[in-house]
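S.K.: Pasting a structure here, questions to come.
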Amino acid sequence: MTQFISMLIAALYAMLLQNLVFSAAYGITESVKIAKRPKYLLMCTLSVGFFSVSSSVLCRLIDNVKMISELSATVHFLLYVAVTVLLYLISGAFCIGVLKANKKYMNSLGMCALNSLVLAVPLLNASANYSIIESVGTGIGAALAFVFAVLLINAGIRHIADNESIPKVFRGTPALLIYVSLLSLAFSCFTGESLFL
């Protein structure tokens, strides 16, 4: 039961207090892209969740090998990238071979697998020295943070599109970037870190 609580705490921490999308800008471009086309939200969330959790667990298992744990941070990052790419290739082969996925799905699978959010989760797990269970929680929390970010950005897009009081020069992308920046500032308050050094 305590392992489940640890996983849940790590998931809630990654989702709300340390929303990786807003407080660190990991995966923000993917969030904006999906927010503009919310019909792909479920598929992308499941994919991001799968890759976040899988890469977290595999990378933590790799980190437990004594010879690998003594390597530099750069080599660790390259190993994490290699694990994520390998997961993507295996998943892609499965989707093409077994599920007969089309090219459009495969393009979105690549975006979900090889984005900065998925690549950041193993690094954050290693820096926090999380256990495998806590790493699973962080992966789940990252996927939930992705959904939360997409829903907030989507609500902003709808409000910005309907708002006639926004000057014409700021409508569209400039207004969206300002909105996302303000959300990022709000979420950075929860991290407890200084924004300016």
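We name chains A, B, ... following the order of the structure tokens; residues begin at 1 in each chain, and ligands are numbered from 1 as shown.
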Write out as a list in words which residues come within 6 Å of region 48-63 of chain A when counting only C-alpha atoms, dropping same-chain ones fewer than 2 positions away.

M.R.: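 That gives Cys44, Thr45, Leu46, Val65, Ser69, Thr84, Cys112, Ala113, Val118, Pro122, Ile132, Ser135, Val136, Gly139, Ile140 and Ala143 of chain A.
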
S.K.: Selection from above, N, CA, C and O atoms, as a compact mmCIF listing (two decimals), in the first residue's frame, can you write it?

M.R.:
# COMPACT_ATOMS: atom_id res chain seq x y z
N CYS A 44 -3.13 10.86 -28.17
CA CYS A 44 -1.83 11.43 -27.82
C CYS A 44 -1.54 11.29 -26.33
O CYS A 44 -0.41 11.03 -25.95
N THR A 45 -2.55 11.44 -25.50
CA THR A 45 -2.35 11.27 -24.06
C THR A 45 -1.95 9.84 -23.73
O THR A 45 -1.03 9.62 -22.94
N LEU A 46 -2.62 8.89 -24.33
CA LEU A 46 -2.26 7.49 -24.09
C LEU A 46 -0.85 7.20 -24.58
O LEU A 46 -0.08 6.50 -23.91
N VAL A 65 22.13 -0.45 -12.66
CA VAL A 65 23.34 -1.19 -12.99
C VAL A 65 24.54 -0.36 -12.55
O VAL A 65 24.68 0.80 -12.94
N SER A 69 25.56 3.47 -13.58
CA SER A 69 25.29 4.55 -12.62
C SER A 69 26.49 5.45 -12.39
O SER A 69 26.35 6.59 -11.95
N THR A 84 14.37 5.68 -25.40
CA THR A 84 13.13 6.23 -25.94
C THR A 84 13.01 5.94 -27.43
O THR A 84 11.93 5.58 -27.91
N CYS A 112 4.58 12.02 -30.16
CA CYS A 112 4.32 11.66 -28.77
C CYS A 112 5.52 10.97 -28.12
O CYS A 112 5.80 11.16 -26.94
N ALA A 113 6.24 10.18 -28.88
CA ALA A 113 7.35 9.40 -28.32
C ALA A 113 8.61 10.23 -28.15
O ALA A 113 9.33 10.07 -27.16
N VAL A 118 8.62 13.56 -22.75
CA VAL A 118 8.98 12.16 -22.54
C VAL A 118 10.47 12.03 -22.23
O VAL A 118 10.86 11.24 -21.36
N PRO A 122 12.69 10.72 -17.51
CA PRO A 122 13.78 9.91 -16.92
C PRO A 122 14.87 10.77 -16.28
O PRO A 122 15.44 10.38 -15.25
N ILE A 132 11.62 2.87 -8.66
CA ILE A 132 10.89 2.49 -9.88
C ILE A 132 9.41 2.83 -9.74
O ILE A 132 8.80 3.34 -10.69
N SER A 135 8.97 6.44 -10.15
CA SER A 135 9.19 6.77 -11.55
C SER A 135 7.94 6.49 -12.38
O SER A 135 7.61 7.25 -13.29
N VAL A 136 7.24 5.41 -12.06
CA VAL A 136 5.96 5.13 -12.72
C VAL A 136 4.98 6.26 -12.43
O VAL A 136 4.29 6.75 -13.33
N GLY A 139 5.81 9.27 -14.49
CA GLY A 139 5.38 9.07 -15.88
C GLY A 139 3.90 9.28 -16.05
O GLY A 139 3.45 9.93 -16.99
N ILE A 140 3.11 8.73 -15.11
CA ILE A 140 1.66 8.93 -15.15
C ILE A 140 1.33 10.41 -14.95
O ILE A 140 0.48 10.98 -15.64
N ALA A 143 1.88 12.43 -18.07
CA ALA A 143 0.78 12.28 -19.04
C ALA A 143 -0.44 13.09 -18.60
O ALA A 143 -1.09 13.74 -19.42

S.K.: Quick one: pick out all alpha helix (DSSP H) residues within region 45-181 of chain A from a backbone DSSP run and write them as a VMD selection string.

M.R.: chain A and resid 45 to 63 66 to 69 73 to 97 103 to 113 116 to 128 132 to 162 173 to 181

S.K.: Nearest residue to Ile34 (chain A) out of A:Ser108, A:Ser165, A:Ser6, A:Thr138, using only C-alpha atoms?

M.R.: A:Ser108

S.K.: Taking only C-alpha atoms into account, name the residue in A:Met43, A:Ala10, A:Ala186, A:Val150 that is nearest to Met106 (chain A).

M.R.: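 Result for the nearest residue to Met106 (chain A): A:Met43.
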
S.K.: What lies within 10 Å of Ile5 (chain A) using only C-alpha atoms, ignoring chain neighbours under 6 positions off, as an MDAnalysis selection string?

M.R.: chainID A and resid 11 133:134 137

S.K.: Rounded to one decimal place, report the CA of Cys189 (chain A)-CA of Ala149 (chain A) distance in Å.

M.R.: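 That distance, rounded to one decimal, is 15.8 Å.
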
S.K.: Could you tell me how far CA of Arg37 (chain A) lies from CA of Ala82 (chain A), in Å and to one decimal?

M.R.: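 So the two atoms, CA of Arg37 (chain A) and CA of Ala82 (chain A), lie 29.6 Å apart.
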